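Participant: So that we are looking at the same thing, I have put the structure below in structure tokens.
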Amino acid sequence: MELIKEIWHYYEHNGSYVLSEIFRHFLMSAYGVLFAAIIAIPLGIFLARYSRLSPVVFSIVNIIQTIPALAMLAVLMLVMGLGPNTVVMALFLYSILPILRNTYTGILSVDKALTESGNGMGMTKFQLLRMVELPLALSVIIAGLRTALVIGISIATIGAFIGAGGLGDIIIRGTNAADGTAIILAGAIPTALIAVFADLFMGWIEKQLNHETKIKRRNRTA
């Protein structure tokens, strides 16, 4: 109970600071995932068309994924300097794999009978992608975005080591304090809550899209 009181006391006296760091933390994570999606989704579609290139591309992306987060930040810091932009770049690199893999898998998992029907109706490749493949693969792509966002929220915590701010800044303040357990938890709890809420929200979107996809498939096969 005493620890809970200390955490609440910290929030009472530093409410605006905590809220600003929550906002900063989420923005860094969201921007990293957004920029990764802009690159990874078109690349995943391209690789689904030219599967022979996928082993090479996935090998490169897998290597990036195995680099420890602190090492990645250290390397990027030498090029980009300190601050949130470096963290966003790191999150961008880490987010590419789940989004790319899910986009690639989602496009390939579309029933070939549906694409052949589209071709038979005279659809162009772009029309087939826009009207058939992407709608049916969207729930799988959202699952990749969901994974990337949750990973990004956790990795963004170490951005405090390079002056990027975020909830990791509160955690570091706690580690430097004489009795900083309450301060550490004051930063860790919102981080966990953001990850949980982001996962639940993206999961809800994924579930809705899955339901719509099933309806579309049922209508097309009827």
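Convention: chains lettered A, B, ... in structure tokens order; per-chain residue numbering from 1; ligands numbered from 1 as shown.
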For range 86-91 of chain A, find every residue with an atom within 10 Å (counting only C-alpha atoms), except residues of its own chain fewer than 5 positions away, and show them as an MDAnalysis selection string.
Facilitator: chainID A and resid 27:36 64 69:70 72:81 96 148:149 151:160 162:165
Participant: Using only C-alpha atoms, find the one residue out of A:Leu108, A:Gly168, A:Gln208, A:Val140 that sits nearest to Ile189 in chain A.
Facilitator: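 Under the stated criterion, the closest residue is A:Gly168.
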Participant: In Å, rounded to a single decimal, give me how far CA of His25 in chain A is from CA of Phe161 in chain A.
Facilitator: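 We find that CA of Phe161 in chain A and CA of His25 in chain A lie 13.4 Å from each other.
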Participant: Return the single residue from A:Trp204, A:Asn62, A:Asn210, A:Pro190 that is closest to Leu19 in chain A, with distances computed using only C-alpha atoms.
Facilitator: A:Pro190
Participant: Distance CA of Val61 in chain A-CA of Thr147 in chain A, one decimal place?
Facilitator: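 Between these atoms lies a distance of 15.6 Å.
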Participant: Select, from A:Leu128, A:Leu138, A:Leu167, A:Met1, the residue with the minimum atom-to-atom distance to Ala186 in chain A, counting only C-alpha atoms.
Facilitator: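 Going through A:Leu128, A:Leu138, A:Leu167, A:Met1 one by one, the smallest distance to Ala186 in chain A is for A:Leu167.
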Participant: Within 9 Å of Gly174 in chain A, counting only C-alpha atoms, which residues qualify if same-chain residues fewer than 5 places away don't, as a count of residues only?
Facilitator: 10
Participant: Measuring atom to atom with only C-alpha atoms, identify which of A:Ala177, A:Leu114, A:Ile170, A:Ala143 is nearest to Gly203 in chain A.
Facilitator: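 Among the listed residues, A:Ala143 lies closest to Gly203 in chain A.
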Participant: Suppose you want the space between CA of Val150 in chain A and CA of Ile22 in chain A; what is it in Å?
Facilitator: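 So the two atoms, CA of Val150 in chain A and CA of Ile22 in chain A, lie 14.5 Å apart.
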Participant: I'd like to know which of A:Ala48, A:Ile67, A:Leu145, A:Ile194 is closest to Gly106 in chain A, using only C-alpha atoms.
Facilitator: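 The answer is A:Ala48, which sits nearest to Gly106 in chain A.
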